[in-house]
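Student: Quick one: this structure, given as structure tokens, is what I'll be asking you about.
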Amino acid sequence: MWREWIPFWKPGLSPYGGDVDLLFAGLLLASSLVLGLLIFLLLLFCVRYRAGNPVDRGNHDSKSWHWEVGWTSASLVIFLLLFVWGASVFLEIYRTPQGELSVFVVAKQWMWKVQHTGGQAEINSLHMPVHRPMRLVMASQDVIHSFFVPALRLKHDVVPGRYQSLEIEAVTAGHYHLFCAEYCGTDHSGMIGEIVAMEPADYAKWLNDQAPANSLAREGGALFREFGCSGCHGANSSVHAPPLEGLYGKPVPLADGSIVTADDKYIRDSILLPRSQVAAGYQPLMPSFEGKVSEDQLLRLVVYIKSLADHAP
């Protein structure tokens with residue numbers, strides 16, 4: 001790798017940690033050079049053009065324009081290159097790799113609640129295997145929070161009313177601090193936790209030791225029936241409602257002529273705001289469940305509907 005030839009570059013604890021550090025060093029160096037140039041010119045002009053100094057002060061425009069154009073253009077090129085570099089690092093962090101694990105994270109005052117798809121639950125901690133990307137599907141139950149793991153060079157806001165996705169991966173086993181980086185109330189400073197990166201065999205053992213009686217999909221199926229969703233979306237229902245089997249990940253034509261993909265966000269919005277995106281060929285009869293289901297119940301419903309993806313309608 002070309003980065004290894006840079007004397008002060010070190011690989012980070014995540015696949016992109018070293019690039020983030022190197023980008024920060026580049027921004028710091030470029031900003032320091034610009035600042036140093038400005039301070040030098042300021043001191044030079046203060047001394048050269050001080051009162052009483054017999055220096056030529058006439059025709060100053062023709063004498064300095066090429067210098068001004070030169071350093072302005074050089075600064076613009078440097079910062080544009082840094083922007084392109086930063087954009088490439090950003091896209092690398094938010095890529096969607098193959099074979100990733102999915103974990104749900106619910107932020108609330110003042111704790112992080114983690115739900116694995118197998119039903120394992122954690123409070124203020126997240127266990128994950130090393131060298132295996134994990135997709136965090138995050139939601140806030142109350143106010144804006146921010147999922148911040150300094151060691152992995154990751155920070156992402158968690159906004160109420162919508163899902164946020166974040167890819168996370170660690171290359172070294174260990175315990176890493178988790179903070180909320182957005183002021184969220186009185187006990188904001190106490191909203192801390194840890195990321196526990198483990199070897200794959202240890203992670204598999206941890207999952208097995210923490211396995212509950214039911215998975216999230218099974219609990220979501222129970223809620224699906226409890227809230228009466230099966231009365232409309234069931235195979236034998238008399239109500240003309242869209243089938244959910246095989247829905248997840250497929251394109252959905254809408255009544256307004258547009259097409260959306262049935263992802264986590266679409267399922268969530270269809271439960272809370274069913275009239276915002278009405279499927280083509282169906283009437284907007286479904287009531288809103290906003291305020292009737294909690295974030296914990298909502299994620300179980302989403303996982304259950306996702307589990308129907310392999311079932312043919």
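By convention here, the chains of the structure tokens are called A, B, ... in the order presented, each chain's residues are numbered starting at 1, and ligands are numbered starting at 1 in the order presented.
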Which residues are near stretch 107-115 of chain A? Cut-off 6 Å, only C-alpha atoms, ignore same chain within fewer than 5 positions. Put them as a VMD selection string.

Tutor: chain A and resid 120 to 124 140 to 142 191

Student: Generate the output file for the selected residues, N, CA and C atoms, as an mmCIF file, in the first residue's frame.

Tutor:
```
data_model
loop_
_atom_site.group_PDB
_atom_site.id
_atom_site.type_symbol
_atom_site.label_atom_id
_atom_site.label_comp_id
_atom_site.auth_asym_id
_atom_site.auth_seq_id
_atom_site.Cartn_x
_atom_site.Cartn_y
_atom_site.Cartn_z
ATOM 1 N N GLN A 120 -30.574 -11.407 21.116
ATOM 2 C CA GLN A 120 -29.671 -10.996 22.184
ATOM 3 C C GLN A 120 -29.755 -9.482 22.368
ATOM 4 N N ALA A 121 -29.864 -9.065 23.610
ATOM 5 C CA ALA A 121 -30.016 -7.644 23.922
ATOM 6 C C ALA A 121 -28.875 -7.177 24.806
ATOM 7 N N GLU A 122 -28.469 -5.930 24.593
ATOM 8 C CA GLU A 122 -27.412 -5.324 25.405
ATOM 9 C C GLU A 122 -27.816 -3.896 25.760
ATOM 10 N N ILE A 123 -27.287 -3.414 26.868
ATOM 11 C CA ILE A 123 -27.468 -2.034 27.285
ATOM 12 C C ILE A 123 -26.087 -1.397 27.395
ATOM 13 N N ASN A 124 -25.878 -0.313 26.641
ATOM 14 C CA ASN A 124 -24.624 0.456 26.679
ATOM 15 C C ASN A 124 -23.400 -0.374 26.307
ATOM 16 N N SER A 140 -33.737 6.909 17.286
ATOM 17 C CA SER A 140 -33.841 7.576 18.582
ATOM 18 C C SER A 140 -35.289 7.567 19.041
ATOM 19 N N GLN A 141 -35.473 7.334 20.325
ATOM 20 C CA GLN A 141 -36.821 7.292 20.884
ATOM 21 C C GLN A 141 -37.287 8.657 21.366
ATOM 22 N N ASP A 142 -36.356 9.622 21.511
ATOM 23 C CA ASP A 142 -36.758 10.908 22.080
ATOM 24 C C ASP A 142 -36.131 12.101 21.365
ATOM 25 N N MET A 191 -24.197 9.153 29.257
ATOM 26 C CA MET A 191 -24.642 8.254 28.192
ATOM 27 C C MET A 191 -23.413 7.677 27.486
#
```

Student: Can you list, as a PDB file with N, CA and C atoms, in the first residue's frame, every protein, DNA or RNA residue that comes within 9 Å of stretch 89-94 of chain A when you count only C-alpha atoms, leaving out same-chain residues fewer than 6 positions away?

Tutor:
```pdb
ATOM      1  N   PRO A  15     -10.731  -0.378   9.410  1.00  0.00           N
ATOM      2  CA  PRO A  15     -10.093  -0.380   8.087  1.00  0.00           C
ATOM      3  C   PRO A  15      -9.798   1.007   7.540  1.00  0.00           C
ATOM      4  N   TYR A  16     -10.530   2.021   7.996  1.00  0.00           N
ATOM      5  CA  TYR A  16     -10.367   3.374   7.491  1.00  0.00           C
ATOM      6  C   TYR A  16      -9.790   4.320   8.536  1.00  0.00           C
ATOM      7  N   ASP A  19      -6.642   6.172   7.400  1.00  0.00           N
ATOM      8  CA  ASP A  19      -6.939   7.184   6.383  1.00  0.00           C
ATOM      9  C   ASP A  19      -7.537   8.435   7.013  1.00  0.00           C
ATOM     10  N   VAL A  20      -8.405   8.261   8.013  1.00  0.00           N
ATOM     11  CA  VAL A  20      -8.989   9.414   8.696  1.00  0.00           C
ATOM     12  C   VAL A  20      -7.898  10.213   9.405  1.00  0.00           C
ATOM     13  N   LEU A  23      -5.860  12.024   6.748  1.00  0.00           N
ATOM     14  CA  LEU A  23      -6.614  13.159   6.230  1.00  0.00           C
ATOM     15  C   LEU A  23      -6.592  14.316   7.217  1.00  0.00           C
ATOM     16  N   LEU A 154     -15.423   6.959  14.184  1.00  0.00           N
ATOM     17  CA  LEU A 154     -16.805   6.937  13.714  1.00  0.00           C
ATOM     18  C   LEU A 154     -17.670   7.869  14.549  1.00  0.00           C
ATOM     19  N   SER A 165     -28.352   4.502   9.181  1.00  0.00           N
ATOM     20  CA  SER A 165     -27.535   3.308   8.973  1.00  0.00           C
ATOM     21  C   SER A 165     -26.067   3.667   9.043  1.00  0.00           C
ATOM     22  N   LEU A 166     -25.278   2.786   9.637  1.00  0.00           N
ATOM     23  CA  LEU A 166     -23.849   3.016   9.778  1.00  0.00           C
ATOM     24  C   LEU A 166     -23.127   1.677   9.688  1.00  0.00           C
ATOM     25  N   GLU A 167     -22.088   1.624   8.858  1.00  0.00           N
ATOM     26  CA  GLU A 167     -21.256   0.428   8.758  1.00  0.00           C
ATOM     27  C   GLU A 167     -20.106   0.549   9.746  1.00  0.00           C
ATOM     28  N   ILE A 168     -19.895  -0.478  10.543  1.00  0.00           N
ATOM     29  CA  ILE A 168     -18.843  -0.446  11.548  1.00  0.00           C
ATOM     30  C   ILE A 168     -18.034  -1.735  11.449  1.00  0.00           C
TER      31      ILE A 168
END
```

Student: Give me the residues within 10 Å of stretch 295-312 of chain A as a ChimeraX atom specification, counting only C-alpha atoms and dropping any in the same chain fewer than 2 places off.

Tutor: /A:104-108,113-115,117,119,137-142,160-161,215-224,243-250,262-268,271-272,289-293

Student: Tell me which protein, DNA and RNA residues are within 8 Å of stretch 172-175 of chain A, counting only C-alpha atoms, leaving out same-chain ones fewer than 6 positions away, and put them as a ChimeraX atom specification.

Tutor: /A:13-14,130,194-199

Student: For C-alpha atoms, I'd like the residues from the last selection saved as an mmCIF file, in the first residue's frame.

Tutor:
```cif
data_model
loop_
_atom_site.group_PDB
_atom_site.id
_atom_site.type_symbol
_atom_site.label_atom_id
_atom_site.label_comp_id
_atom_site.auth_asym_id
_atom_site.auth_seq_id
_atom_site.Cartn_x
_atom_site.Cartn_y
_atom_site.Cartn_z
ATOM 1 C CA LEU A 13 -8.287 0.048 14.698
ATOM 2 C CA SER A 14 -10.780 0.119 11.824
ATOM 3 C CA VAL A 130 -13.310 -8.497 14.214
ATOM 4 C CA GLU A 194 -18.329 0.325 25.012
ATOM 5 C CA ILE A 195 -17.701 -1.540 21.798
ATOM 6 C CA VAL A 196 -16.397 -5.056 22.476
ATOM 7 C CA ALA A 197 -14.536 -6.390 19.430
ATOM 8 C CA MET A 198 -13.970 -10.142 19.695
ATOM 9 C CA GLU A 199 -12.439 -12.936 17.692
#
```

Student: Of the candidates A:Met128, A:Ala74, A:Met134, A:Leu37, which one gets nearest to A:Thr96 if we count only C-alpha atoms?

Tutor: A:Met134

Student: DSSP on the backbone, strand (DSSP E) only: what residues of stretch 42-273 of chain A does that give? Format it as a PyMOL selection string.

Tutor: chain A and resi 101-108+111-116+121-123+125-129+134-140+145-149+154-158+164-168+174-180+192-198+251-253+259-261
